Amino acid sequence: MPAKVKPKKTTPLKNKPTAQPQPVAENPLTAQKEALVKVSGYLPDDTPPPGAMLSLGFQQVLTMFPATVLVAILTKFDVGVTLLASGLGTIIALLVSKRKIPMYYGSSFSYIAVVITAMSLYANDCFASSAAYCPDGVRLVQVGIIGTAVLEIIIGWLIMQIGKAALDRILPPIITGSMAIVIGLALAGSALNMASAHWLVALITLLGTVLFSVFLQNKGLLGMLPILLGAVFGYLVSAVFGIVDYGKIASEAWLRVPAFTLPAFGDPRAWELMVSISLIAIATIPESTAHLYQMSLYIDTLAEKMGRAKYNIKELIGLNLIADGADDLVVGFLGGAAGTNYGENNSLMAITRNYSIPVLMTAGGMAILLGFVGKLAGVVNSIPTAVTGGLAIYLFGVIGMQGVALIQSENVDLFNPKNLAIGAAMLVCGIGGNLGLENGLFPFQVPVIFPQGIPAIVFAAIVGIALNLIFVIFKPNE
């Protein structure tokens with residue numbers, strides 16, 4: 001038998017290796033802080049360095065410029081005054097909002113239809129001549145813009161006192177959305193009349209603007225400027241067809257004082273214009289509130305990523321409307337086109353992650369200086385009517401579609417007879433009345449306020465509010 005093999009005796013090692021140290025779990029708070037540092041941007045109370053301040057401010061001016069100037073062209077306001085009033089109005093509005101709400105103010109498309117109607121009725125030479133500026137009509141409209149400012153301030157104050165829910169009962173989404181549709185589509189005739197000056201140029205401009213809008217979407221700053229690019233494209237096409245009047249550029253000085261005007265408070269028609277124009281705030285107030293909610297979301301998201309406290313500006317609905325009114329007071333007294341805070345500039349802020357109030361005030365200062373550049377006004381005034389018509393076909397249609405979008409986003413039940421009745425009556429009275437009735441007026445004279453009849457767009461607003469009040473008082477079975 002084989003001998004048994006004794007197992008070897010093992011001795012413990014003197015220097016027994018210690019266990020490898022386990023990696024310490026990373027502190028999630030530390031990791032979060034490290035990640036937060038990498039996020040860049042400017043919140044409302046941040047002040048960027050001078051270079052960034054100027055470049056970011058210039059982007060804001062460039063973004064508001066096309067639409068603001070186009071409104072001045074369509075309504076025959078002075079371009080210099082409109083730019084200056086846009087900048088000064090923005091600065092005043094920022095101060096009124098206690099430097100809490102970062103908004104840039106430019107000219108509003110919502111007022112174009114009623115402004116054109118008013119100027120055509122009471123300043124007959126405005127749209128009968130080829131002049132780019134109609135001071136007599138502007139003075140009348142200024143009274144209405146100031147009326148809008150007063151209404152916005154009152155509604156803002158009421159919201160601060162009683163809350164937005166109470167206001168929503170009087171102006172539900174079916175009214176505000178239908179009003180936006182009316183405002184956009186009631187302008188269809190004006191857009192086509194301008195386009196008829198040279199149909200080919202107008203349609204080429206329209207096509208170019210639509211393509212820029214669709215294919216440059218989300219392409220940085222260029223994606224924010226489809227109207228400007230469309231206007232430049234249409235201008236170049238017009239030059240090829242030989243329909244640009246370069247004399248308007250040559251006749252302007254390099255520097256000039258803008259053509260300021262005072263409101264025509266002494267005119268007996270002032271009350272009519274005040275009521276007619278101010279009622280358009282029914283459409284602009286929901287738009288402004290939507291912009292506030294949008295900005296609040298963007299700002300708080302960035303603040304959270306940067307590890308800073310949220311701003312919650314969505315709670316400042318009333319203050320936001322008071323700031324809107326302050327802007328309209330400025331443009332109304334100076335002679336600029338009625339204003340609103342600009343969604344285009346809000347989107348630019350979201351893209352650049354720049355919500356700095358000082359940057360917006362810098363942009364306002366730049367716009368004020370641009371108002372004194374005479375050659376700039378000359379170039380703008382030399383844009384052919386057909387180009388403006390091509391742009392207007394697109395823009396006025398977009399206003400109407402935004403009304404549809406508002407109704408959709410608020411989940412308005414269009415199978416509900418109450419909503420159908422309000423929307424249907426407003427659309428036919430507003431659009432049909434503006435296009436089908438003589439001078440766009442319903443033949444119901446109201447002494448002092450509407451001595452010649454009620455403008456169709458205003459009548460549509462009155463009908464919508466009246467029907468809704470009936471349903472508020474006498475609640476139907478849902």
# chains A, B, ... in the order shown; residues from 1 in each chain; ligands from 1
call {"tool": "residues_around", "arguments": {"residues": "range 168-176 of chain A", "least_positions_apart": "3", "cutoff": "6 Å", "atoms": "only C-alpha atoms", "output": "NGL selection string"}}
result
:A and (165 or 179 or 283)
call {"tool": "write_last_selection", "arguments": {"atoms": "C-alpha atoms", "output": "PDB file, in the first residue's frame"}}
result
ATOM      1  CA  ALA A 165     -60.509  82.364 -12.534  1.00  0.00           C
ATOM      2  CA  MET A 179     -61.654  86.607 -31.489  1.00  0.00           C
ATOM      3  CA  ALA A 283     -57.491  88.653 -27.907  1.00  0.00           C
TER       4      ALA A 283
END
call {"tool": "residues_around", "arguments": {"residues": "range 231-245 of chain A", "least_positions_apart": "4", "cutoff": "12 Å", "atoms": "only C-alpha atoms", "output": "PyMOL selection string"}}
result
chain A and resi 65-67+69-70+130+132+195+197-212+225-227+249-251+378-392+394
call {"tool": "residues_around", "arguments": {"residues": "Lys76 in chain A", "least_positions_apart": "2", "cutoff": "10 Å", "atoms": "only C-alpha atoms", "output": "count of residues only"}}
result
22
call {"tool": "closest_residue", "arguments": {"among": "A:Gln402, A:Thr68, A:Ser276, A:Ser97", "to": "Val458 in chain A", "atoms": "only C-alpha atoms"}}
result
A:Ser276
call {"tool": "residues_around", "arguments": {"residues": "Thr352 in chain A", "least_positions_apart": "5", "cutoff": "10 Å", "atoms": "only C-alpha atoms", "output": "number ranges by chain"}}
result
A: 40-42, 56, 59, 220-221, 347
call {"tool": "write_last_selection", "arguments": {"atoms": "C-alpha atoms", "output": "PDB file, in the first residue's frame"}}
result
ATOM      1  CA  SER A  40     -24.718  78.179 -18.497  1.00  0.00           C
ATOM      2  CA  GLY A  41     -27.306  80.884 -18.933  1.00  0.00           C
ATOM      3  CA  TYR A  42     -28.579  84.179 -17.568  1.00  0.00           C
ATOM      4  CA  LEU A  56     -27.484  89.362 -26.838  1.00  0.00           C
ATOM      5  CA  GLN A  59     -30.204  89.624 -31.202  1.00  0.00           C
ATOM      6  CA  GLY A 220     -30.724  79.033 -34.228  1.00  0.00           C
ATOM      7  CA  LEU A 221     -31.133  82.756 -34.835  1.00  0.00           C
ATOM      8  CA  SER A 347     -38.391  81.775 -28.055  1.00  0.00           C
TER       9      SER A 347
END
call {"tool": "closest_residue", "arguments": {"among": "A:Val359, A:Ala425, A:Ile457, A:Ile153", "to": "Val96 in chain A", "atoms": "only C-alpha atoms"}}
result
A:Ile153
call {"tool": "closest_residue", "arguments": {"among": "A:Gly371, A:Ile393, A:Leu222, A:Val214", "to": "Asn193 in chain A", "atoms": "only C-alpha atoms"}}
result
A:Ile393
call {"tool": "select_by_dssp", "arguments": {"residues": "range 327-433 of chain A", "states": "strand (DSSP E or B)", "output": "PyMOL selection string"}}
result
chain A and resi 339-341+354+373
call {"tool": "closest_residue", "arguments": {"among": "A:Lys314, A:Lys100, A:Arg139, A:Arg308", "to": "Ala118 in chain A", "atoms": "only C-alpha atoms"}}
result
A:Arg139
call {"tool": "closest_residue", "arguments": {"among": "A:Phe215, A:Ser178, A:Ala128, A:Ile465", "to": "Val412 in chain A", "atoms": "only C-alpha atoms"}}
result
A:Ser178
call {"tool": "select_by_dssp", "arguments": {"residues": "range 363-453 of chain A", "states": "helix (DSSP H, G or I)", "output": "ChimeraX atom specification"}}
result
/A:363-370,374-381,385-409,417-436,438-440
call {"tool": "residues_around", "arguments": {"residues": "Trp271 in chain A", "least_positions_apart": "3", "cutoff": "10 Å", "atoms": "only C-alpha atoms", "output": "list in words"}}
result
Leu140, Val143, Gly144, Gly147, Phe265, Gly266, Asp267, Pro268, Met274, Val275, Ser276, Val448, Ile449 and Phe450 of chain A
call {"tool": "write_last_selection", "arguments": {"atoms": "N, CA and C atoms", "output": "PDB file, in the first residue's frame"}}
result
ATOM      1  N   LEU A 140     -55.602 109.864 -34.490  1.00  0.00           N
ATOM      2  CA  LEU A 140     -56.886 109.305 -34.054  1.00  0.00           C
ATOM      3  C   LEU A 140     -56.695 107.950 -33.377  1.00  0.00           C
ATOM      4  N   VAL A 143     -55.545 107.590 -29.622  1.00  0.00           N
ATOM      5  CA  VAL A 143     -56.545 107.648 -28.554  1.00  0.00           C
ATOM      6  C   VAL A 143     -57.016 106.234 -28.209  1.00  0.00           C
ATOM      7  N   GLY A 144     -57.250 105.428 -29.245  1.00  0.00           N
ATOM      8  CA  GLY A 144     -57.674 104.045 -29.019  1.00  0.00           C
ATOM      9  C   GLY A 144     -56.615 103.210 -28.346  1.00  0.00           C
ATOM     10  N   GLY A 147     -56.676 103.906 -24.810  1.00  0.00           N
ATOM     11  CA  GLY A 147     -57.819 103.203 -24.223  1.00  0.00           C
ATOM     12  C   GLY A 147     -57.490 101.743 -23.938  1.00  0.00           C
ATOM     13  N   PHE A 265     -57.186 113.887 -28.715  1.00  0.00           N
ATOM     14  CA  PHE A 265     -58.216 113.781 -27.674  1.00  0.00           C
ATOM     15  C   PHE A 265     -59.392 114.725 -27.941  1.00  0.00           C
ATOM     16  N   GLY A 266     -59.130 115.822 -28.623  1.00  0.00           N
ATOM     17  CA  GLY A 266     -60.194 116.782 -28.873  1.00  0.00           C
ATOM     18  C   GLY A 266     -61.123 116.414 -30.013  1.00  0.00           C
ATOM     19  N   ASP A 267     -60.784 115.382 -30.766  1.00  0.00           N
ATOM     20  CA  ASP A 267     -61.624 114.976 -31.900  1.00  0.00           C
ATOM     21  C   ASP A 267     -62.904 114.307 -31.376  1.00  0.00           C
ATOM     22  N   PRO A 268     -64.062 114.694 -31.892  1.00  0.00           N
ATOM     23  CA  PRO A 268     -65.326 114.109 -31.395  1.00  0.00           C
ATOM     24  C   PRO A 268     -65.442 112.610 -31.637  1.00  0.00           C
ATOM     25  N   MET A 274     -61.626 104.826 -29.057  1.00  0.00           N
ATOM     26  CA  MET A 274     -61.155 104.275 -27.794  1.00  0.00           C
ATOM     27  C   MET A 274     -61.834 102.938 -27.495  1.00  0.00           C
ATOM     28  N   VAL A 275     -63.146 102.885 -27.699  1.00  0.00           N
ATOM     29  CA  VAL A 275     -63.880 101.642 -27.443  1.00  0.00           C
ATOM     30  C   VAL A 275     -63.523 100.578 -28.473  1.00  0.00           C
ATOM     31  N   SER A 276     -63.511 100.957 -29.750  1.00  0.00           N
ATOM     32  CA  SER A 276     -63.269  99.984 -30.829  1.00  0.00           C
ATOM     33  C   SER A 276     -61.918  99.309 -30.688  1.00  0.00           C
ATOM     34  N   VAL A 448     -72.260 109.117 -29.711  1.00  0.00           N
ATOM     35  CA  VAL A 448     -70.947 109.427 -29.143  1.00  0.00           C
ATOM     36  C   VAL A 448     -69.954 108.299 -29.395  1.00  0.00           C
ATOM     37  N   ILE A 449     -70.334 107.055 -29.027  1.00  0.00           N
ATOM     38  CA  ILE A 449     -69.369 105.951 -29.120  1.00  0.00           C
ATOM     39  C   ILE A 449     -69.258 105.429 -30.545  1.00  0.00           C
ATOM     40  N   PHE A 450     -70.392 105.075 -31.171  1.00  0.00           N
ATOM     41  CA  PHE A 450     -70.378 104.546 -32.541  1.00  0.00           C
ATOM     42  C   PHE A 450     -71.439 105.273 -33.378  1.00  0.00           C
TER      43      PHE A 450
END
call {"tool": "residues_around", "arguments": {"residues": "Ala259 in chain A", "least_positions_apart": "2", "cutoff": "7 Å", "atoms": "only C-alpha atoms", "output": "compact mmCIF listing (two decimals) with C-alpha atoms, in the first residue's frame"}}
result
# COMPACT_ATOMS: atom_id res chain seq x y z
CA ASP A 78 -43.92 106.25 -38.75
CA VAL A 81 -41.45 106.39 -33.91
CA VAL A 257 -35.99 113.14 -35.42
CA THR A 261 -47.57 113.01 -32.84
call {"tool": "closest_atom_pairs", "arguments": {"of": "range 311-428 of chain A", "to": "range 288-300 of chain A", "cutoff": "9 Å", "atoms": "only C-alpha atoms", "output": "CSV"}}
result
residue,atom,partner,partner_atom,distance
A:Tyr311,CA,A:Asp300,CA,6.1
A:Asn312,CA,A:Ser296,CA,6.0
A:Ile313,CA,A:Ser296,CA,5.3
A:Lys314,CA,A:Tyr293,CA,5.2
A:Glu315,CA,A:Tyr293,CA,8.7
A:Leu316,CA,A:Leu292,CA,8.3
A:Ile317,CA,A:Thr289,CA,6.4
A:Asn320,CA,A:Leu292,CA,7.6
A:Leu321,CA,A:Ser288,CA,7.5
A:Asp324,CA,A:Ser288,CA,8.2
A:Thr340,CA,A:Ser288,CA,7.2
A:Asn341,CA,A:Ser288,CA,6.4
A:Tyr342,CA,A:His291,CA,8.0
A:Gly343,CA,A:His291,CA,6.4
A:Asn346,CA,A:Met295,CA,6.8
A:Ser347,CA,A:Met295,CA,8.7
A:Met349,CA,A:Met295,CA,8.8
A:Ala350,CA,A:Tyr298,CA,6.4
A:Arg353,CA,A:Ile299,CA,8.3
A:Tyr355,CA,A:Ile299,CA,7.2
call {"tool": "write_last_selection", "arguments": {"atoms": "C-alpha atoms", "output": "JSON list (two decimals), in the first residue's frame"}}
result
[["chain", "number", "residue", "atom", "x", "y", "z"],
["A", 311, "TYR", "CA", -38.80, 82.63, -9.96],
["A", 312, "ASN", "CA", -42.45, 81.54, -10.43],
["A", 313, "ILE", "CA", -43.33, 84.52, -12.62],
["A", 314, "LYS", "CA", -46.46, 82.65, -13.71],
["A", 315, "GLU", "CA", -48.02, 83.96, -10.50],
["A", 316, "LEU", "CA", -47.62, 87.57, -11.74],
["A", 317, "ILE", "CA", -50.47, 87.52, -14.29],
["A", 320, "ASN", "CA", -47.81, 91.33, -16.41],
["A", 321, "LEU", "CA", -50.99, 92.90, -17.82],
["A", 324, "ASP", "CA", -48.56, 95.55, -21.04],
["A", 340, "THR", "CA", -47.63, 93.38, -27.15],
["A", 341, "ASN", "CA", -44.93, 91.20, -25.62],
["A", 342, "TYR", "CA", -43.32, 89.13, -28.35],
["A", 343, "GLY", "CA", -43.40, 85.33, -28.52],
["A", 346, "ASN", "CA", -39.43, 84.65, -25.81],
["A", 347, "SER", "CA", -38.39, 81.78, -28.06],
["A", 349, "MET", "CA", -34.48, 83.66, -24.95],
["A", 350, "ALA", "CA", -35.27, 79.97, -24.60],
["A", 353, "ARG", "CA", -30.88, 80.56, -22.26],
["A", 355, "TYR", "CA", -33.51, 85.84, -19.62]]
call {"tool": "residues_around", "arguments": {"residues": "Ala113 in chain A", "least_positions_apart": "3", "cutoff": "9 Å", "atoms": "only C-alpha atoms", "output": "MDAnalysis selection string"}}
result
chainID A and resid 75 109:110 116:118 183:184 186:187 190 434 457
call {"tool": "write_last_selection", "arguments": {"atoms": "C-alpha atoms", "output": "JSON list (two decimals), in the first residue's frame"}}
result
[["chain", "number", "residue", "atom", "x", "y", "z"],
["A", 75, "THR", "CA", -50.99, 100.73, -40.75],
["A", 109, "PHE", "CA", -50.77, 92.31, -35.46],
["A", 110, "SER", "CA", -54.03, 91.92, -33.55],
["A", 116, "ILE", "CA", -57.08, 100.13, -40.91],
["A", 117, "THR", "CA", -60.89, 100.34, -40.64],
["A", 118, "ALA", "CA", -60.72, 103.37, -38.36],
["A", 183, "ILE", "CA", -58.90, 89.33, -36.26],
["A", 184, "GLY", "CA", -56.73, 87.25, -38.58],
["A", 186, "ALA", "CA", -61.02, 89.68, -41.30],
["A", 187, "LEU", "CA", -57.75, 91.02, -42.71],
["A", 190, "SER", "CA", -56.49, 93.78, -47.08],
["A", 434, "ASN", "CA", -65.81, 92.99, -42.14],
["A", 457, "ILE", "CA", -64.73, 93.04, -35.28]]
call {"tool": "closest_residue", "arguments": {"among": "A:Gly223, A:Gly177, A:Pro358, A:Gly80", "to": "Lys375 in chain A", "atoms": "only C-alpha atoms"}}
result
A:Gly80
